[in-house]
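> One file: structure-v8.cif (mmCIF, C-alpha atoms).
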```
data_data
#
loop_
_atom_site.label_atom_id
_atom_site.label_comp_id
_atom_site.auth_asym_id
_atom_site.auth_seq_id
_atom_site.Cartn_x
_atom_site.Cartn_y
_atom_site.Cartn_z
CA MET F 510 -13.20 -44.55 -51.95
CA ARG F 511 -14.91 -41.71 -53.81
CA TYR F 512 -17.76 -41.71 -51.27
CA ILE F 513 -15.36 -41.55 -48.35
CA LEU F 514 -13.54 -38.56 -49.82
CA THR F 515 -16.84 -36.82 -50.60
CA GLY F 516 -18.01 -37.45 -47.02
CA LEU F 517 -14.77 -36.11 -45.56
CA ALA F 518 -15.00 -33.00 -47.72
CA ALA F 519 -18.59 -32.41 -46.57
CA VAL F 520 -17.53 -32.73 -42.92
CA ALA F 521 -14.66 -30.29 -43.45
CA VAL F 522 -16.99 -27.76 -45.07
CA ALA F 523 -19.54 -28.15 -42.24
CA VAL F 524 -16.92 -27.68 -39.54
CA THR F 525 -15.34 -24.72 -41.31
CA GLY F 526 -18.74 -23.14 -41.88
CA CYS F 527 -19.53 -23.10 -38.15
CA MET F 528 -16.31 -21.29 -37.26
CA GLU F 529 -15.43 -17.71 -38.06
CA ALA F 530 -11.79 -17.14 -38.94
CA GLU F 531 -11.41 -13.92 -36.99
CA MET F 532 -11.20 -14.39 -33.24
CA PRO F 533 -12.99 -11.90 -30.99
CA ASP F 534 -10.89 -9.52 -28.96
CA ALA F 535 -11.14 -8.09 -25.45
CA ARG F 536 -13.06 -5.00 -26.64
CA GLU F 537 -15.86 -7.19 -27.96
CA GLY F 538 -15.86 -9.17 -24.72
CA HIS F 539 -16.03 -5.99 -22.66
CA ARG F 540 -19.55 -5.36 -23.96
CA ALA F 541 -20.68 -8.82 -22.84
CA TYR F 542 -18.95 -8.31 -19.49
CA GLU F 543 -20.74 -5.01 -18.87
CA ALA F 544 -24.10 -6.56 -19.79
CA HIS F 545 -23.80 -9.77 -17.76
CA CYS F 546 -20.97 -9.62 -15.20
CA ALA F 547 -20.16 -6.10 -13.97
CA MET F 548 -23.22 -5.84 -11.73
CA CYS F 549 -21.69 -8.46 -9.41
CA HIS F 550 -17.99 -8.61 -10.29
CA GLY F 551 -17.56 -4.83 -10.68
CA ALA F 552 -16.32 -2.65 -13.51
CA GLY F 553 -12.73 -3.77 -12.97
CA GLY F 554 -13.54 -7.41 -12.19
CA ARG F 555 -12.53 -7.28 -8.51
CA GLY F 556 -15.81 -8.60 -7.11
CA ASP F 557 -17.06 -5.21 -6.00
CA GLY F 558 -20.06 -4.63 -8.25
CA PRO F 559 -23.19 -2.80 -7.08
CA LEU F 560 -24.99 -6.08 -6.29
CA ALA F 561 -22.04 -7.72 -4.51
CA ALA F 562 -23.08 -6.58 -1.03
CA ASP F 563 -26.50 -8.23 -1.45
CA LEU F 564 -25.09 -11.68 -2.23
CA SER F 565 -24.56 -14.32 0.46
CA VAL F 566 -21.23 -15.30 -1.17
CA ALA F 567 -18.92 -12.56 -2.43
CA PRO F 568 -18.28 -12.60 -6.20
CA VAL F 569 -14.88 -13.86 -7.26
CA ASP F 570 -12.13 -11.34 -7.99
CA LEU F 571 -11.69 -12.11 -11.69
CA THR F 572 -8.34 -10.30 -11.92
CA GLY F 573 -6.50 -13.10 -10.11
CA LEU F 574 -7.65 -16.15 -12.07
CA THR F 575 -4.25 -16.68 -13.70
CA ARG F 576 -2.42 -16.23 -10.40
CA THR F 577 -4.60 -18.75 -8.56
CA ALA F 578 -4.26 -21.22 -11.44
CA GLY F 579 -0.48 -21.32 -11.19
CA GLY F 580 0.34 -18.71 -13.82
CA THR F 581 -1.74 -19.93 -16.76
CA PHE F 582 -5.15 -18.47 -17.56
CA PRO F 583 -7.61 -21.32 -16.82
CA VAL F 584 -9.56 -21.32 -20.09
CA ASN F 585 -11.52 -24.52 -19.48
CA ARG F 586 -12.41 -23.63 -15.90
CA VAL F 587 -13.61 -20.15 -16.87
CA LEU F 588 -15.64 -21.45 -19.81
CA SER F 589 -17.23 -24.05 -17.56
CA TYR F 590 -18.24 -21.55 -14.89
CA ILE F 591 -19.70 -19.05 -17.34
CA ASP F 592 -21.55 -21.71 -19.26
CA GLY F 593 -22.91 -23.32 -16.09
CA TYR F 594 -21.25 -26.73 -16.39
CA LYS F 595 -19.16 -26.43 -13.23
CA ARG F 596 -20.71 -25.34 -9.97
CA GLN F 597 -18.52 -27.10 -7.40
CA ALA F 598 -16.59 -24.23 -5.83
CA PRO F 599 -18.41 -22.35 -3.04
CA GLU F 600 -17.75 -18.97 -4.69
CA ALA F 601 -19.86 -19.99 -7.68
CA VAL F 602 -23.02 -20.90 -5.74
CA GLU F 603 -24.97 -17.77 -6.66
CA MET F 604 -23.56 -17.25 -10.13
CA PRO F 605 -26.22 -17.77 -12.80
CA GLU F 606 -25.59 -19.80 -15.92
CA PHE F 607 -24.86 -17.46 -18.81
CA GLY F 608 -24.24 -20.02 -21.54
CA LEU F 609 -27.62 -19.56 -23.20
CA LEU F 610 -27.20 -15.77 -23.22
CA LEU F 611 -23.86 -16.04 -24.99
CA GLU F 612 -24.82 -18.03 -28.07
CA GLY F 613 -23.83 -17.26 -31.63
CA PRO F 614 -21.60 -18.46 -34.44
CA SER F 615 -18.65 -20.52 -33.25
CA VAL F 616 -14.95 -19.73 -33.23
CA PRO F 617 -12.13 -22.15 -32.35
CA VAL F 618 -10.87 -21.54 -28.80
CA ALA F 619 -7.60 -23.11 -27.69
CA THR F 620 -8.54 -25.30 -24.73
CA GLY F 621 -5.20 -27.01 -24.20
CA ALA F 622 -2.47 -29.13 -25.78
CA GLY F 623 -3.28 -28.18 -29.37
CA VAL F 624 -7.01 -28.75 -28.90
CA PHE F 625 -9.41 -26.17 -30.29
CA THR F 626 -13.04 -26.25 -29.18
CA PRO F 627 -15.85 -24.61 -31.17
CA THR F 628 -17.16 -21.94 -28.80
CA PRO F 629 -19.92 -19.38 -29.32
CA ARG F 630 -18.28 -16.12 -30.39
CA PRO F 631 -19.82 -14.01 -27.56
CA LEU F 632 -18.51 -16.50 -25.00
CA ALA F 633 -15.06 -16.50 -26.62
CA ALA F 634 -15.09 -12.69 -26.59
CA LEU F 635 -15.94 -12.63 -22.89
CA LEU F 636 -13.13 -15.10 -22.28
CA ALA F 637 -10.70 -12.78 -24.11
CA TYR F 638 -11.84 -9.86 -21.96
CA LEU F 639 -11.45 -11.79 -18.72
CA GLU F 640 -7.96 -12.83 -19.75
CA SER F 641 -7.12 -9.16 -20.36
CA LEU F 642 -8.07 -8.33 -16.73
CA GLN F 643 -5.41 -10.53 -15.19
CA ASP F 644 -2.93 -8.92 -12.79
#
```
Please express the file's structure as structure tokens.


Amino acid sequence: MRYILTGLAAVAVAVTGCMEAEMPDAREGHRAYEAHCAMCHGAGGRGDGPLAADLSVAPVDLTGLTRTAGGTFPVNRVLSYIDGYKRQAPEAVEMPEFGLLLEGPSVPVATGAGVFTPTPRPLAALLAYLESLQD
């Protein structure tokens, strides 16, 4: 029994150690957005960035993600697109995978029904910024 409790304590410490308590905010995510997204999606997220005209598929208007998802910001869908896991929709054909550029210490991101997923802080910050853009 002692070994089980010691093992559980070690797991709890390891999990806690990989997550920062303070969640990133939209201001922190804005910096990541400007560095990686604005050139295509535009300063305001409407898909009108300086490179948009050169793309064969117009960048998505990021201000309407909540509206097109039925009124709830689609956390999992957005994380998947940014990270490069989901490339099924035609509008995402030319979007590069940014997951490797957004690495860092993890924070717990609510991904649905009481589930929190360890997510690299820069990616969580970008998610917070994109959520702040919603109309």

> Determine, counting only C-alpha atoms, which protein, DNA and RNA residues have an atom within 12 Å of an atom of Gly538 in chain F; residues of the same chain fewer than 3 positions away are not included. Present the result as a list in words.

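Non-adjacent residues within range: Met532, Pro533, Asp534, Ala535, Ala541, Tyr542, Glu543, Ala544, His545, Cys546, Ala547, Leu611, Pro629, Arg630, Pro631, Leu632, Ala633, Ala634, Leu635, Leu636, Ala637, Tyr638, Leu639, Glu640, Ser641 and Leu642 of chain F.
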
> Rank F:Thr572, F:Ser565, F:Arg536, F:Pro583 by their smallest atom-to-atom distance to Gly551 in chain F, using only C-alpha atoms, and report the top residue only.

F:Thr572

> Taking only C-alpha atoms into account, name the residue in F:Val587, F:Pro614, F:Thr581, F:His550 that is nearest to Ala562 in chain F.

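With only C-alpha atoms as the atom set, the closest residue is F:His550.
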
> Report as number ranges by chain the full result of the PyMOL selection byres ((chain F and resi 603-609) around 8) when it is applied to this structure.

F: 545, 564-566, 590-593, 600-602, 610-612, 632

> For the selection you just gave me, I'd like the residues written to a file as a PDB file, in the coordinates of the input, keeping C-alpha atoms.


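Result went into selection-v2.pdb, see below:
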```
ATOM      1  CA  HIS F 545     -23.800  -9.770 -17.760  1.00  0.00           C
ATOM      2  CA  LEU F 564     -25.090 -11.680  -2.230  1.00  0.00           C
ATOM      3  CA  SER F 565     -24.560 -14.320   0.460  1.00  0.00           C
ATOM      4  CA  VAL F 566     -21.230 -15.300  -1.170  1.00  0.00           C
ATOM      5  CA  TYR F 590     -18.240 -21.550 -14.890  1.00  0.00           C
ATOM      6  CA  ILE F 591     -19.700 -19.050 -17.340  1.00  0.00           C
ATOM      7  CA  ASP F 592     -21.550 -21.710 -19.260  1.00  0.00           C
ATOM      8  CA  GLY F 593     -22.910 -23.320 -16.090  1.00  0.00           C
ATOM      9  CA  GLU F 600     -17.750 -18.970  -4.690  1.00  0.00           C
ATOM     10  CA  ALA F 601     -19.860 -19.990  -7.680  1.00  0.00           C
ATOM     11  CA  VAL F 602     -23.020 -20.900  -5.740  1.00  0.00           C
ATOM     12  CA  LEU F 610     -27.200 -15.770 -23.220  1.00  0.00           C
ATOM     13  CA  LEU F 611     -23.860 -16.040 -24.990  1.00  0.00           C
ATOM     14  CA  GLU F 612     -24.820 -18.030 -28.070  1.00  0.00           C
ATOM     15  CA  LEU F 632     -18.510 -16.500 -25.000  1.00  0.00           C
TER      16      LEU F 632
END
```

> Let me know the residues the PyMOL selection byres ((chain F and resi 556) around 9) catches in the file above, as an mmCIF file with C-alpha atoms, in the frame of the given file.


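Written out: result.cif:
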```cif
data_model
loop_
_atom_site.group_PDB
_atom_site.id
_atom_site.type_symbol
_atom_site.label_atom_id
_atom_site.label_comp_id
_atom_site.auth_asym_id
_atom_site.auth_seq_id
_atom_site.Cartn_x
_atom_site.Cartn_y
_atom_site.Cartn_z
ATOM 1 C CA ALA F 547 -20.160 -6.100 -13.970
ATOM 2 C CA CYS F 549 -21.690 -8.460 -9.410
ATOM 3 C CA HIS F 550 -17.990 -8.610 -10.290
ATOM 4 C CA GLY F 551 -17.560 -4.830 -10.680
ATOM 5 C CA ALA F 552 -16.320 -2.650 -13.510
ATOM 6 C CA GLY F 553 -12.730 -3.770 -12.970
ATOM 7 C CA GLY F 554 -13.540 -7.410 -12.190
ATOM 8 C CA ARG F 555 -12.530 -7.280 -8.510
ATOM 9 C CA ASP F 557 -17.060 -5.210 -6.000
ATOM 10 C CA GLY F 558 -20.060 -4.630 -8.250
ATOM 11 C CA ALA F 561 -22.040 -7.720 -4.510
ATOM 12 C CA ALA F 567 -18.920 -12.560 -2.430
ATOM 13 C CA PRO F 568 -18.280 -12.600 -6.200
ATOM 14 C CA VAL F 569 -14.880 -13.860 -7.260
ATOM 15 C CA ASP F 570 -12.130 -11.340 -7.990
ATOM 16 C CA LEU F 571 -11.690 -12.110 -11.690
#
```

> Taking all atoms listed in the file into account, which of F:Gly573, F:Asp644, F:Glu531, F:Gly580 comes nearest Pro617 in chain F?

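Of F:Gly573, F:Asp644, F:Glu531, F:Gly580, the one nearest Pro617 in chain F, counting all atoms listed in the file, is F:Glu531.
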
> Just how far from CA of Leu560 in chain F is CA of Arg576 in chain F, in Å to one decimal?

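Rounded to one decimal, the two atoms are 25.1 Å apart.
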
> So which residues get picked by the PyMOL selection byres ((chain F and resi 619) around 12) here, written as a list in words?

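Going through the file, the PyMOL selection byres ((chain F and resi 619) around 12) ends up selecting Met532, Phe582, Pro583, Val584, Asn585, Leu588, Val616, Pro617, Val618, Thr620, Gly621, Ala622, Gly623, Val624, Phe625, Thr626, Pro627, Thr628, Ala633, Leu636 and Ala637 of chain F.
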